[in-house]
Amino acid sequence: MAELLRRRKVVRELLKNRGDLLIVGGLGSAAWDITDAGDSPTSFPLWGAMGGAALIGLGIALAQPKKKVLVITGDGDMLMAIGALATISVQKPRNLSIVVLDNEHYAETGMQPTHTGLGVDLAGMAKAAGFAHVMRVNNESDVAELRSEIYDSDGPLFSVVKIDPEKLPIVLPPRDGAYLKNRFRMAVLGANAIYE
């Protein structure tokens, strides 16, 4: 069996020299991972709304078609919003990439196994929903290819990264949801965005 990738190493690689890439971090570990890679006003880590990351990313991508949008989330979050794949596929946002960090567990609630550990194939589901660009990431060279696809290719892109279900120290983003929303809006739309 191949060695599983380390989640924080993957996220740091995807976000290094990120420029103006807009990031949505799914509930729990994904939000902590994007914060560990460097908290930024152009990051929107979710503190709630499990299952909301992909559709929030879609909304941002549609509202900001000239900016690249990356959703980093977990398998539990993506499973909760599996219908989002159909909606994203129909909308076909060329600027949206979704990366699912799949540890096959609900890490935030006690490491119960998710369906992906029991054979459910998220990449296959995305393909069946109509995504033309689907990747399975299993090694470091795949991570480099994924990074290139996120920054240099048109989407929508859906990728599953198989990661080690390791327990890592929590790196919390700011806890104030209104602050995070306003900070993100100002970074994307300018200083007066919160008043519009």
# chains A, B, ... in the order shown; residues from 1 in each chain; ligands from 1

call {"tool": "residues_around", "arguments": {"residues": "segment 67-74 of chain A", "least_positions_apart": "6", "cutoff": "6 Å", "atoms": "only C-alpha atoms", "output": "PyMOL selection string"}}
result
chain A and resi 21-26+30+57+61+95-102

call {"tool": "write_last_selection", "arguments": {"atoms": "N, CA and C atoms", "output": "JSON list (two decimals), in the first residue's frame"}}
result
[["chain", "number", "residue", "atom", "x", "y", "z"],
["A", 21, "LEU", "N", -5.24, 34.19, -5.34],
["A", 21, "LEU", "CA", -6.14, 33.05, -5.28],
["A", 21, "LEU", "C", -7.06, 33.19, -4.07],
["A", 22, "LEU", "N", -8.37, 33.02, -4.29],
["A", 22, "LEU", "CA", -9.35, 33.09, -3.21],
["A", 22, "LEU", "C", -9.57, 31.68, -2.67],
["A", 23, "ILE", "N", -9.54, 31.53, -1.34],
["A", 23, "ILE", "CA", -9.60, 30.21, -0.71],
["A", 23, "ILE", "C", -10.82, 30.12, 0.20],
["A", 24, "VAL", "N", -11.55, 29.01, 0.08],
["A", 24, "VAL", "CA", -12.59, 28.65, 1.05],
["A", 24, "VAL", "C", -12.11, 27.39, 1.74],
["A", 25, "GLY", "N", -12.06, 27.41, 3.06],
["A", 25, "GLY", "CA", -11.66, 26.24, 3.84],
["A", 25, "GLY", "C", -12.86, 25.63, 4.51],
["A", 26, "GLY", "N", -13.12, 24.36, 4.23],
["A", 26, "GLY", "CA", -14.26, 23.68, 4.81],
["A", 26, "GLY", "C", -14.15, 23.57, 6.32],
["A", 30, "ALA", "N", -9.79, 21.36, 7.43],
["A", 30, "ALA", "CA", -9.43, 22.12, 6.23],
["A", 30, "ALA", "C", -9.25, 23.60, 6.56],
["A", 57, "GLY", "N", -17.91, 28.25, -2.39],
["A", 57, "GLY", "CA", -16.91, 28.44, -3.43],
["A", 57, "GLY", "C", -17.54, 28.71, -4.78],
["A", 61, "ALA", "N", -17.03, 32.01, -7.03],
["A", 61, "ALA", "CA", -16.52, 31.87, -8.40],
["A", 61, "ALA", "C", -17.45, 32.53, -9.41],
["A", 95, "ASN", "N", -13.29, 29.07, -13.21],
["A", 95, "ASN", "CA", -12.32, 29.57, -12.24],
["A", 95, "ASN", "C", -12.39, 28.85, -10.89],
["A", 96, "LEU", "N", -13.08, 27.72, -10.82],
["A", 96, "LEU", "CA", -13.28, 27.02, -9.55],
["A", 96, "LEU", "C", -12.56, 25.68, -9.52],
["A", 97, "SER", "N", -11.83, 25.46, -8.44],
["A", 97, "SER", "CA", -11.20, 24.16, -8.17],
["A", 97, "SER", "C", -11.64, 23.71, -6.78],
["A", 98, "ILE", "N", -11.93, 22.42, -6.67],
["A", 98, "ILE", "CA", -12.30, 21.83, -5.39],
["A", 98, "ILE", "C", -11.31, 20.72, -5.08],
["A", 99, "VAL", "N", -10.69, 20.82, -3.91],
["A", 99, "VAL", "CA", -9.75, 19.80, -3.44],
["A", 99, "VAL", "C", -10.32, 19.20, -2.17],
["A", 100, "VAL", "N", -10.56, 17.90, -2.22],
["A", 100, "VAL", "CA", -11.07, 17.17, -1.06],
["A", 100, "VAL", "C", -9.91, 16.42, -0.41],
["A", 101, "LEU", "N", -9.61, 16.78, 0.83],
["A", 101, "LEU", "CA", -8.60, 16.07, 1.61],
["A", 101, "LEU", "C", -9.31, 14.88, 2.26],
["A", 102, "ASP", "N", -9.06, 13.70, 1.73],
["A", 102, "ASP", "CA", -9.82, 12.51, 2.12],
["A", 102, "ASP", "C", -9.00, 11.62, 3.04]]

call {"tool": "residues_around", "arguments": {"residues": "Lys127 of chain A", "least_positions_apart": "3", "cutoff": "12 Å", "atoms": "only C-alpha atoms", "output": "list in words"}}
result
Leu85, Ala86, Ile88, Ser89, Asp121, Leu122, Ala123, Gly124, Gly130, Phe131, Ala132, His133, Val134, Met135, Arg136, Pro156, Leu157, Phe158, Ser159 and Val160 of chain A

call {"tool": "residues_around", "arguments": {"residues": "Pro165 of chain A", "least_positions_apart": "2", "cutoff": "7 Å", "atoms": "only C-alpha atoms", "output": "list in words"}}
result
Asn103, Ile163 and Lys167 of chain A

call {"tool": "closest_residue", "arguments": {"among": "A:Leu5, A:Val161, A:Leu189, A:Ile150", "to": "Asp75 of chain A", "atoms": "only C-alpha atoms"}}
result
A:Val161

call {"tool": "residues_around", "arguments": {"residues": "Val143 of chain A", "least_positions_apart": "6", "cutoff": "10 Å", "atoms": "only C-alpha atoms", "output": "count of residues only"}}
result
10

call {"tool": "select_by_dssp", "arguments": {"residues": "segment 64-143 of chain A", "states": "strand (DSSP E)", "output": "list in words"}}
result
Val69, Leu70, Val71, Ile72, Thr73, Gly74, Leu96, Ser97, Ile98, Val99, Val100, Leu101, Asp102, His105, Tyr106, Gln112, Pro113, His133, Val134, Met135, Arg136 and Val137 of chain A

call {"tool": "write_last_selection", "arguments": {"atoms": "N, CA and C atoms", "output": "tab-separated table (two decimals), in the first residue's frame"}}
result
chain	number	residue	atom	x	y	z
A	69	VAL	N	-10.69	30.57	-7.72
A	69	VAL	CA	-11.26	30.22	-6.42
A	69	VAL	C	-10.91	28.76	-6.14
A	70	LEU	N	-10.38	28.52	-4.96
A	70	LEU	CA	-10.03	27.16	-4.54
A	70	LEU	C	-10.77	26.83	-3.26
A	71	VAL	N	-11.50	25.72	-3.29
A	71	VAL	CA	-12.15	25.18	-2.10
A	71	VAL	C	-11.28	24.02	-1.62
A	72	ILE	N	-10.88	24.07	-0.36
A	72	ILE	CA	-10.19	22.95	0.27
A	72	ILE	C	-11.10	22.46	1.38
A	73	THR	N	-11.50	21.21	1.29
A	73	THR	CA	-12.43	20.68	2.27
A	73	THR	C	-12.12	19.22	2.54
A	74	GLY	N	-12.88	18.62	3.43
A	74	GLY	CA	-12.68	17.23	3.77
A	74	GLY	C	-13.73	16.32	3.16
A	96	LEU	N	-13.08	27.72	-10.82
A	96	LEU	CA	-13.28	27.02	-9.55
A	96	LEU	C	-12.56	25.68	-9.52
A	97	SER	N	-11.83	25.46	-8.44
A	97	SER	CA	-11.20	24.16	-8.17
A	97	SER	C	-11.64	23.71	-6.78
A	98	ILE	N	-11.93	22.42	-6.67
A	98	ILE	CA	-12.30	21.83	-5.39
A	98	ILE	C	-11.31	20.72	-5.08
A	99	VAL	N	-10.69	20.82	-3.91
A	99	VAL	CA	-9.75	19.80	-3.44
A	99	VAL	C	-10.32	19.20	-2.17
A	100	VAL	N	-10.56	17.90	-2.22
A	100	VAL	CA	-11.07	17.17	-1.06
A	100	VAL	C	-9.91	16.42	-0.41
A	101	LEU	N	-9.61	16.78	0.83
A	101	LEU	CA	-8.60	16.07	1.61
A	101	LEU	C	-9.31	14.88	2.26
A	102	ASP	N	-9.06	13.70	1.73
A	102	ASP	CA	-9.82	12.51	2.12
A	102	ASP	C	-9.00	11.62	3.04
A	105	HIS	N	-12.25	9.62	7.34
A	105	HIS	CA	-12.76	9.70	8.72
A	105	HIS	C	-13.41	11.06	8.98
A	106	TYR	N	-14.33	11.07	9.94
A	106	TYR	CA	-14.85	12.32	10.49
A	106	TYR	C	-13.92	12.70	11.64
A	112	GLN	N	-14.74	8.61	13.38
A	112	GLN	CA	-15.61	7.59	12.81
A	112	GLN	C	-15.32	7.49	11.31
A	113	PRO	N	-15.39	6.27	10.74
A	113	PRO	CA	-15.12	6.15	9.31
A	113	PRO	C	-16.19	6.84	8.46
A	133	HIS	N	-13.00	17.60	-15.63
A	133	HIS	CA	-11.63	17.57	-15.11
A	133	HIS	C	-11.66	17.03	-13.68
A	134	VAL	N	-11.26	15.78	-13.51
A	134	VAL	CA	-11.25	15.11	-12.21
A	134	VAL	C	-9.88	14.50	-12.00
A	135	MET	N	-9.33	14.69	-10.79
A	135	MET	CA	-8.01	14.12	-10.47
A	135	MET	C	-8.08	13.31	-9.19
A	136	ARG	N	-7.28	12.26	-9.16
A	136	ARG	CA	-7.01	11.51	-7.93
A	136	ARG	C	-5.55	11.73	-7.60
A	137	VAL	N	-5.27	12.24	-6.41
A	137	VAL	CA	-3.91	12.59	-6.01
A	137	VAL	C	-3.44	11.59	-4.97

call {"tool": "select_by_dssp", "arguments": {"residues": "chain A", "states": "alpha helix (DSSP H)", "output": "MDAnalysis selection string"}}
result
chainID A and resid 7:15 29:36 53:63 75:80 84:91 122:129 140:152 177:189

call {"tool": "residues_around", "arguments": {"residues": "Ala84 of chain A", "least_positions_apart": "2", "cutoff": "12 Å", "atoms": "only C-alpha atoms", "output": "MDAnalysis selection string"}}
result
chainID A and resid 51:59 77:82 86:92 98 122 125:126 129:131 158

call {"tool": "residues_around", "arguments": {"residues": "Gly38 of chain A", "least_positions_apart": "2", "cutoff": "12 Å", "atoms": "only C-alpha atoms", "output": "PyMOL selection string"}}
result
chain A and resi 8+11-18+23+31-36+40-43+45+171-173

call {"tool": "write_last_selection", "arguments": {"atoms": "N, CA and C atoms", "output": "mmCIF file, in the first residue's frame"}}
result
data_model
loop_
_atom_site.group_PDB
_atom_site.id
_atom_site.type_symbol
_atom_site.label_atom_id
_atom_site.label_comp_id
_atom_site.auth_asym_id
_atom_site.auth_seq_id
_atom_site.Cartn_x
_atom_site.Cartn_y
_atom_site.Cartn_z
ATOM 1 N N ARG A 8 -1.081 18.752 5.883
ATOM 2 C CA ARG A 8 -0.548 20.118 5.974
ATOM 3 C C ARG A 8 0.525 20.365 4.930
ATOM 4 N N VAL A 11 -1.385 21.048 1.693
ATOM 5 C CA VAL A 11 -2.016 22.379 1.673
ATOM 6 C C VAL A 11 -0.959 23.472 1.552
ATOM 7 N N ARG A 12 0.139 23.336 2.264
ATOM 8 C CA ARG A 12 1.206 24.346 2.128
ATOM 9 C C ARG A 12 1.722 24.405 0.700
ATOM 10 N N GLU A 13 1.874 23.255 0.072
ATOM 11 C CA GLU A 13 2.344 23.220 -1.317
ATOM 12 C C GLU A 13 1.330 23.889 -2.246
ATOM 13 N N LEU A 14 0.060 23.606 -2.055
ATOM 14 C CA LEU A 14 -0.961 24.194 -2.926
ATOM 15 C C LEU A 14 -1.072 25.704 -2.750
ATOM 16 N N LEU A 15 -0.783 26.200 -1.542
ATOM 17 C CA LEU A 15 -0.987 27.625 -1.262
ATOM 18 C C LEU A 15 0.287 28.467 -1.297
ATOM 19 N N LYS A 16 1.440 27.864 -1.533
ATOM 20 C CA LYS A 16 2.658 28.683 -1.571
ATOM 21 C C LYS A 16 2.609 29.614 -2.778
ATOM 22 N N ASN A 17 3.056 30.832 -2.572
ATOM 23 C CA ASN A 17 3.037 31.847 -3.632
ATOM 24 C C ASN A 17 1.669 31.924 -4.306
ATOM 25 N N ARG A 18 0.640 31.997 -3.491
ATOM 26 C CA ARG A 18 -0.737 31.887 -3.994
ATOM 27 C C ARG A 18 -1.250 33.116 -4.719
ATOM 28 N N ILE A 23 -9.536 31.526 -1.342
ATOM 29 C CA ILE A 23 -9.604 30.211 -0.713
ATOM 30 C C ILE A 23 -10.820 30.120 0.195
ATOM 31 N N ALA A 31 -10.115 24.155 7.407
ATOM 32 C CA ALA A 31 -9.980 25.554 7.828
ATOM 33 C C ALA A 31 -8.693 25.752 8.619
ATOM 34 N N TRP A 32 -8.361 24.773 9.461
ATOM 35 C CA TRP A 32 -7.120 24.875 10.242
ATOM 36 C C TRP A 32 -5.902 24.748 9.335
ATOM 37 N N ASP A 33 -6.008 23.900 8.305
ATOM 38 C CA ASP A 33 -4.882 23.699 7.389
ATOM 39 C C ASP A 33 -4.587 24.950 6.578
ATOM 40 N N ILE A 34 -5.642 25.629 6.081
ATOM 41 C CA ILE A 34 -5.370 26.845 5.304
ATOM 42 C C ILE A 34 -4.824 27.941 6.208
ATOM 43 N N THR A 35 -5.239 27.946 7.472
ATOM 44 C CA THR A 35 -4.709 28.926 8.419
ATOM 45 C C THR A 35 -3.250 28.621 8.736
ATOM 46 N N ASP A 36 -2.928 27.353 8.920
ATOM 47 C CA ASP A 36 -1.545 26.945 9.159
ATOM 48 C C ASP A 36 -0.638 27.352 8.000
ATOM 49 N N SER A 40 -4.795 34.718 5.744
ATOM 50 C CA SER A 40 -4.821 35.781 4.741
ATOM 51 C C SER A 40 -6.233 36.332 4.630
ATOM 52 N N PRO A 41 -6.355 37.623 4.299
ATOM 53 C CA PRO A 41 -7.682 38.188 4.062
ATOM 54 C C PRO A 41 -8.420 37.532 2.894
ATOM 55 N N THR A 42 -7.682 36.895 1.984
ATOM 56 C CA THR A 42 -8.332 36.227 0.854
ATOM 57 C C THR A 42 -8.620 34.754 1.156
ATOM 58 N N SER A 43 -8.557 34.403 2.430
ATOM 59 C CA SER A 43 -8.987 33.076 2.887
ATOM 60 C C SER A 43 -10.301 33.220 3.637
ATOM 61 N N PRO A 45 -12.152 30.790 5.979
ATOM 62 C CA PRO A 45 -12.306 29.525 6.701
ATOM 63 C C PRO A 45 -13.695 29.440 7.328
ATOM 64 N N VAL A 171 -4.727 24.815 14.425
ATOM 65 C CA VAL A 171 -4.271 26.172 14.148
ATOM 66 C C VAL A 171 -5.530 26.960 13.790
ATOM 67 N N LEU A 172 -6.051 27.668 14.775
ATOM 68 C CA LEU A 172 -7.351 28.313 14.614
ATOM 69 C C LEU A 172 -7.277 29.616 13.817
ATOM 70 N N PRO A 173 -8.210 29.780 12.891
ATOM 71 C CA PRO A 173 -8.364 31.082 12.253
ATOM 72 C C PRO A 173 -9.084 32.014 13.227
#

call {"tool": "closest_residue", "arguments": {"among": "A:His115, A:Arg6, A:Lys162, A:Arg94", "to": "Gln64 of chain A", "atoms": "only C-alpha atoms"}}
result
A:Arg94

call {"tool": "atom_distance", "arguments": {"atom1": "atom CA of Ala144 of chain A", "atom2": "atom CA of Pro93 of chain A"}}
result
22.5 Å
